[in-house]
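The block underneath contains the structure these notes are about, expressed in structure tokens.
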Amino acid sequence: MCFRGGAASSVPKTRKRRSEQEFQDLLRRLELAVEASQIGVWEHSIGDDKILWDDQMHRLYATGRKDRMVSAETWTMSIHPDDRAQAEAEFDEAIGARSLYNSQFRIVWPNGEIRHMRSRAHFYEGPGGIPSFIGAEWDITADVLLNRELAEQKSVAEARAVALEESNARIEYAADHDYLTGLPNRRYFDRRLAELGDEDGANTAAILHIDLDRFKQINDKSGHAAGDAMLRNTAARISDAISEADMVARIGGDEFVVLLVDFGGVEALRTIAGDILERLSADIHFGPETLQSGASIGVAWGRAADAGNLLAESDLALYQAKKLGRNRVEFFTLKLQSDLQGERQLAEELKLALSRQEIVPYYQIQVDARTRQIFGLEALARWHHPERGLLLPGVFMKIADEYGLTADVDAAILNQALRDRREWERHGIVPPRIAVNISGSRLNDPQLIEGLARLNIPPHAIVFELVETIFLDDTDESLLLDIDRIKKMGIDIEIDDFGSGHASLIGLVKLKPKRLKIDRQLVTAITVSDEQRRLVASIVEIARALNVEVIAEGVETEEHARLLARIGCDGLQGYALGYPSSAAQTKALLSSDRRPVVRESAELQSAHN
């Protein structure tokens, strides 16, 4: 019994001691956990305004103290001045509601460092029903700074995204618009044209293809700033002439296109095109200058579903407008397409002919006006076409001009003339000088002088004939310098068709040609018109004053020849003296006594045609 009784009485004491020990251990572990978490624990008794802090609270607030009891000012005065009112208000609100207290604020350490705190507490009633809060606080500075950095990075990223979007929009706009005029460009226009065929409700479409006349001259004479002003002004004038539903784009240097949808018929097109033409013909004031241009317009129209062909068709119409003299409106037609296709085919054939040496010189003699002895030849271009036979320049030279082949024809004639001359020399013939045409495009070729030097042309063997309109008074110094170099190579310079243009004495003095050739139109009427005879005589007198020789073209009768010799011409050329002949025929003539038989006009009529 005693054992039992003794045993029974000892168990509760042991368990009590164990429970107290376990409680102390648990409390210690809790304290360690709290300490490890760096969370400060506080208790605030509202009734007697007592505040208890643990050691971690003092460390969080950097007070340097360890006393458990602290004053309310210890907390409030540590709070950042800007956050103090809000923190106190939130605590007062929790007291009034007897509910959860939750706040976030900044504190200022004694050394001035700012920390961010999070504070939470629960309301409870202590002994005697005294209202109290027990809570915890922890330092969230690292989280705040991290969140702030993340927010800043997000803001930066968003700003960059906006900037990128704006940049992409600018790039896209720049890719679709002309930088100078702000109009849509060719890329934008092509896309709009492609979309038009898929649009519902669009029945008809038209394109006005506009090219400024004399724009290059304005650029060259007045400078690129004037040219830019001209383009901007053109863009504004065209835009003012069309509705907002229509579109104008700049697709090239001085090329503009207008796209009209459901425009109301052909007469409406004529009215719109005529209005634009009139607007573009008006003067433009640029500083002290007045710029004058004008435009050529090609028009094509059709079903909106077939709009993809309109640009090419309007381009053909524009080409026709420029070909017919510019400053006009031309409409595309199937006949126009056929004619231009024929011209382009002939141009391709001409390119092939140049490579096959089918372009050859035919020679027309030039004779001394007094002795009638041959002293020169003019090399005239002929085309030995494989299917159409011998073609005269009137058939192909205009095509050569339009397709930029004139310089190639000039070069082909010069090279063949030199070959013919060497062939004649091998047969003991001393050939006279040979005059060959040189076009403005060839004369402006920067490689011309170097190319001529490689040909090793004998001195005074070749003469270059310049059409009167090439030089005039606008000849620049570099061109005159090149002509002077040509002269130093032993190549004479002649002015062809003198009197057909508007050459001046100043132009003659600047160019200093060896001789000039009076145009056949002035020569033809000297046998029946005293006025024409006096005019030709005046040209001869002027040439003598400038020490320039004179050759008269268009000599078709013996009377022509006698009158021109009496007037004072040095040389004569025309069908009365000799037809243009092949190299073989000319070789035979040069082997004779060089005195041609004069043919009368009746015999010349067919040859002249």
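Letters A, B, ... mark the chains of the structure tokens in the order given; residue numbers begin at 1 per chain; ligand numbers begin at 1, in order shown.
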Shell of 12 Å around Pro446 of chain A, only C-alpha atoms, local chain residues under 3 positions omitted, as a ChimeraX atom specification: /A:440-443,449-452,478-479,481-482
Picked from segment 142-343 of chain A by DSSP as alpha helix (DSSP H), as JSON, numbers by chain: {"A": [142, 143, 144, 145, 146, 147, 148, 149, 150, 151, 152, 153, 154, 155, 156, 157, 158, 159, 160, 161, 162, 163, 164, 165, 166, 167, 168, 169, 170, 171, 172, 173, 174, 175, 176, 186, 187, 188, 189, 190, 191, 192, 193, 194, 195, 196, 215, 216, 217, 218, 219, 220, 221, 222, 224, 225, 226, 227, 228, 229, 230, 231, 232, 233, 234, 235, 236, 237, 238, 239, 240, 241, 266, 267, 268, 269, 270, 271, 272, 273, 274, 275, 276, 277, 278, 279, 280, 281, 310, 311, 312, 313, 314, 315, 316, 317, 318, 319, 320, 321, 322, 323, 334, 335, 336, 337, 338, 339, 340, 341, 342, 343]}
Nearby residues (only C-alpha atoms) at most 10 Å from Lys514 of chain A, same-chain spacing under 4 positions excluded, as a list in words: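 My list of contacting residues is Val463, Lys487, Ile491, Asp492, Ile493, Glu494, Ile495, Ala543, Leu546, Asn547, Val548, Glu549 and Val550 of chain A.
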Could you save those same residues with N, CA, C and O atoms as a PDB file, in the first residue's frame?
ATOM      1  N   VAL A 463      36.499  64.798-138.569  1.00  0.00           N
ATOM      2  CA  VAL A 463      35.835  66.039-138.147  1.00  0.00           C
ATOM      3  C   VAL A 463      34.593  65.651-137.338  1.00  0.00           C
ATOM      4  O   VAL A 463      33.865  64.733-137.724  1.00  0.00           O
ATOM      5  N   LYS A 487      40.101  69.225-130.142  1.00  0.00           N
ATOM      6  CA  LYS A 487      40.808  69.989-131.176  1.00  0.00           C
ATOM      7  C   LYS A 487      42.306  69.706-131.140  1.00  0.00           C
ATOM      8  O   LYS A 487      42.964  69.558-132.187  1.00  0.00           O
ATOM      9  N   ILE A 491      41.321  66.832-134.298  1.00  0.00           N
ATOM     10  CA  ILE A 491      39.954  66.622-134.770  1.00  0.00           C
ATOM     11  C   ILE A 491      39.264  67.983-134.857  1.00  0.00           C
ATOM     12  O   ILE A 491      39.122  68.677-133.846  1.00  0.00           O
ATOM     13  N   ASP A 492      38.861  68.380-136.077  1.00  0.00           N
ATOM     14  CA  ASP A 492      38.187  69.663-136.253  1.00  0.00           C
ATOM     15  C   ASP A 492      36.757  69.590-135.713  1.00  0.00           C
ATOM     16  O   ASP A 492      36.144  68.526-135.662  1.00  0.00           O
ATOM     17  N   ILE A 493      36.238  70.762-135.371  1.00  0.00           N
ATOM     18  CA  ILE A 493      34.859  70.879-134.900  1.00  0.00           C
ATOM     19  C   ILE A 493      34.058  71.688-135.918  1.00  0.00           C
ATOM     20  O   ILE A 493      34.466  72.784-136.319  1.00  0.00           O
ATOM     21  N   GLU A 494      32.917  71.137-136.341  1.00  0.00           N
ATOM     22  CA  GLU A 494      32.010  71.841-137.247  1.00  0.00           C
ATOM     23  C   GLU A 494      30.648  71.975-136.570  1.00  0.00           C
ATOM     24  O   GLU A 494      30.258  71.132-135.769  1.00  0.00           O
ATOM     25  N   ILE A 495      29.933  73.042-136.955  1.00  0.00           N
ATOM     26  CA  ILE A 495      28.559  73.221-136.495  1.00  0.00           C
ATOM     27  C   ILE A 495      27.642  72.805-137.637  1.00  0.00           C
ATOM     28  O   ILE A 495      27.690  73.377-138.723  1.00  0.00           O
ATOM     29  N   ALA A 543      30.781  84.496-140.660  1.00  0.00           N
ATOM     30  CA  ALA A 543      31.755  83.405-140.518  1.00  0.00           C
ATOM     31  C   ALA A 543      33.152  83.870-140.898  1.00  0.00           C
ATOM     32  O   ALA A 543      34.138  83.539-140.227  1.00  0.00           O
ATOM     33  N   LEU A 546      34.796  85.785-138.238  1.00  0.00           N
ATOM     34  CA  LEU A 546      35.246  84.921-137.138  1.00  0.00           C
ATOM     35  C   LEU A 546      36.290  83.905-137.595  1.00  0.00           C
ATOM     36  O   LEU A 546      36.685  83.040-136.818  1.00  0.00           O
ATOM     37  N   ASN A 547      36.719  84.024-138.868  1.00  0.00           N
ATOM     38  CA  ASN A 547      37.705  83.097-139.433  1.00  0.00           C
ATOM     39  C   ASN A 547      37.188  81.651-139.399  1.00  0.00           C
ATOM     40  O   ASN A 547      37.905  80.708-139.065  1.00  0.00           O
ATOM     41  N   VAL A 548      35.901  81.505-139.752  1.00  0.00           N
ATOM     42  CA  VAL A 548      35.260  80.193-139.780  1.00  0.00           C
ATOM     43  C   VAL A 548      34.876  79.877-141.216  1.00  0.00           C
ATOM     44  O   VAL A 548      34.277  80.707-141.913  1.00  0.00           O
ATOM     45  N   GLU A 549      35.222  78.674-141.698  1.00  0.00           N
ATOM     46  CA  GLU A 549      34.858  78.248-143.049  1.00  0.00           C
ATOM     47  C   GLU A 549      33.365  77.915-143.099  1.00  0.00           C
ATOM     48  O   GLU A 549      32.742  77.603-142.080  1.00  0.00           O
ATOM     49  N   VAL A 550      32.809  77.962-144.338  1.00  0.00           N
ATOM     50  CA  VAL A 550      31.380  77.723-144.511  1.00  0.00           C
ATOM     51  C   VAL A 550      31.149  76.660-145.580  1.00  0.00           C
ATOM     52  O   VAL A 550      31.715  76.728-146.675  1.00  0.00           O
TER      53      VAL A 550
END
Selection: 6 Å around Asp54 of chain A, only C-alpha atoms, excl. self and same-chain fewer than 2 positions, as a PDB file with N, CA and C atoms, in the first residue's frame:
ATOM      1  N   VAL A  41       8.732  41.594 -31.012  1.00  0.00           N
ATOM      2  CA  VAL A  41       7.420  41.386 -30.386  1.00  0.00           C
ATOM      3  C   VAL A  41       7.160  42.523 -29.401  1.00  0.00           C
ATOM      4  N   GLN A  56      14.542  42.249 -29.679  1.00  0.00           N
ATOM      5  CA  GLN A  56      14.552  42.390 -31.153  1.00  0.00           C
ATOM      6  C   GLN A  56      13.927  43.705 -31.587  1.00  0.00           C
ATOM      7  N   MET A  57      12.923  44.172 -30.841  1.00  0.00           N
ATOM      8  CA  MET A  57      12.318  45.460 -31.164  1.00  0.00           C
ATOM      9  C   MET A  57      13.340  46.580 -31.047  1.00  0.00           C
TER      10      MET A  57
END
Distance in Å - atom CA of Gly126 of chain A versus atom CA of Thr76 of chain A: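 Separation between atom CA of Gly126 of chain A and atom CA of Thr76 of chain A: 23.4 Å.
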Polymer residues at most 12 Å from Ser243 of chain A, only C-alpha atoms, same-chain spacing of 6 or more positions, as a PyMOL selection string: chain A and resi 258-263+272
Same residues, C-alpha atoms, saved as an mmCIF file, in the first residue's frame:
data_model
loop_
_atom_site.group_PDB
_atom_site.id
_atom_site.type_symbol
_atom_site.label_atom_id
_atom_site.label_comp_id
_atom_site.auth_asym_id
_atom_site.auth_seq_id
_atom_site.Cartn_x
_atom_site.Cartn_y
_atom_site.Cartn_z
ATOM 1 C CA VAL A 258 -2.849 59.894 -108.315
ATOM 2 C CA LEU A 259 -5.229 56.995 -107.626
ATOM 3 C CA LEU A 260 -8.913 57.747 -108.138
ATOM 4 C CA VAL A 261 -11.688 55.299 -107.242
ATOM 5 C CA ASP A 262 -15.196 55.543 -108.722
ATOM 6 C CA PHE A 263 -14.293 58.873 -110.271
ATOM 7 C CA ILE A 272 -9.347 66.467 -112.887
#
Counting only C-alpha atoms, the residue of A:Leu180, A:Leu280, A:Val523, A:Leu448 that sits nearest Arg250 of chain A: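 Of the candidates, the smallest distance to Arg250 of chain A is held by A:Leu180.
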Of the listed residues A:Ala229, A:Pro131, A:Ile526, A:Gln447, that which approaches Thr290 of chain A most closely, counting only C-alpha atoms: A:Ala229
DSSP-assigned strand (DSSP E or B) among segment 311-557 of chain A, expressed as a short mmCIF file (atom, residue, chain, number, x, y, z; two decimals) with C-alpha atoms, in the first residue's frame:
data_model
loop_
_atom_site.label_atom_id
_atom_site.label_comp_id
_atom_site.auth_asym_id
_atom_site.auth_seq_id
_atom_site.Cartn_x
_atom_site.Cartn_y
_atom_site.Cartn_z
CA VAL A 329 -2.50 65.06 -120.89
CA GLU A 330 -2.59 61.78 -122.81
CA PHE A 331 -4.89 58.79 -122.27
CA ILE A 359 24.99 50.18 -138.34
CA VAL A 360 27.39 51.43 -141.03
CA PRO A 361 28.38 54.77 -142.56
CA TYR A 362 27.29 55.89 -146.01
CA TYR A 363 29.44 58.73 -147.30
CA GLN A 364 28.29 61.94 -148.98
CA ILE A 365 30.97 64.00 -150.64
CA GLN A 366 31.79 67.63 -149.90
CA VAL A 367 33.39 69.65 -152.70
CA ASP A 368 35.29 72.90 -153.05
CA ILE A 374 36.28 66.55 -153.28
CA PHE A 375 37.84 67.69 -150.02
CA GLY A 376 35.65 65.92 -147.49
CA LEU A 377 33.09 63.25 -146.72
CA GLU A 378 30.20 63.20 -144.29
CA ALA A 379 29.54 59.78 -142.73
CA LEU A 380 25.77 59.25 -142.47
CA ALA A 381 24.33 56.38 -140.45
CA ARG A 382 22.55 53.55 -142.27
CA TRP A 383 21.14 50.31 -140.90
CA HIS A 384 21.53 47.09 -142.85
CA HIS A 385 18.44 45.48 -141.35
CA GLY A 389 16.92 46.09 -145.92
CA LEU A 390 18.73 49.42 -145.80
CA LEU A 391 17.10 51.82 -143.32
CA ARG A 433 38.69 64.22 -144.02
CA ILE A 434 35.59 62.43 -142.78
CA ALA A 435 32.94 64.28 -140.81
CA VAL A 436 30.97 62.23 -138.29
CA ASN A 437 28.12 63.36 -136.06
CA ILE A 462 38.20 63.12 -138.66
CA VAL A 463 35.83 66.04 -138.15
CA PHE A 464 33.16 66.12 -135.44
CA GLU A 465 29.85 67.71 -136.47
CA LEU A 466 27.89 69.20 -133.60
CA VAL A 467 24.22 69.99 -134.04
CA ASP A 492 38.19 69.66 -136.25
CA ILE A 493 34.86 70.88 -134.90
CA GLU A 494 32.01 71.84 -137.25
CA ILE A 495 28.56 73.22 -136.50
CA ASP A 496 25.92 71.28 -138.43
CA ASP A 497 22.54 72.63 -139.57
CA PHE A 498 23.52 76.21 -138.74
CA ARG A 515 33.66 75.59 -139.99
CA LEU A 516 29.89 75.73 -140.00
CA LYS A 517 27.36 74.15 -142.34
CA ILE A 518 24.40 76.25 -143.45
CA GLU A 549 34.86 78.25 -143.05
CA VAL A 550 31.38 77.72 -144.51
CA ILE A 551 29.86 74.65 -146.17
CA ALA A 552 26.37 74.90 -147.72
#
Option closest in space to Asn444 of chain A, from A:Glu425, A:Glu477, A:Asp254, A:Glu149 [counting only C-alpha atoms]: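 Going through A:Glu425, A:Glu477, A:Asp254, A:Glu149 one by one, the smallest distance to Asn444 of chain A is for A:Glu477.
Take the candidates A:Ala304, A:Met397, A:Ala169, A:Ala241 and check each one against Glu278 of chain A using only C-alpha atoms; the shortest distance goes to A:Ala241.
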Among listed residues A:Gly298, A:Gly135, A:Gly128, A:Pro431, nearest Thr586 of chain A (using only C-alpha atoms):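 Of all the options, A:Pro431 lies closest to Thr586 of chain A.
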Using only C-alpha atoms, I'd like a table of the residues in segment 244-342 of chain A that come within 12 Å of segment 176-179 of chain A; for each, show the closest atom pair and its distance in Å rounded to one decimal, ordered by chain and ascending number, as a tab-separated table.
residue	atom	partner	partner_atom	distance
A:Val248	CA	A:His177	CA	11.1
A:Ala249	CA	A:Asp178	CA	8.2
A:Arg250	CA	A:Asp178	CA	6.7
A:Ile251	CA	A:Asp178	CA	8.4
A:Gly252	CA	A:Asp178	CA	9.5
A:Gly253	CA	A:Asp178	CA	10.4
A:Asp254	CA	A:Asp178	CA	11.9
A:Glu255	CA	A:Asp178	CA	11.8
A:Phe256	CA	A:Asp178	CA	11.1
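For the pair atom CA of Ala282 of chain A and atom CA of Met230 of chain A, the interatomic distance is 11.2 Å.
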A:Leu535, A:Ala411, A:Ala235, A:Val509 ranked by distance to Gly182 of chain A, top pick (using only C-alpha atoms):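 Smallest separation from Gly182 of chain A among the options: A:Ala235.
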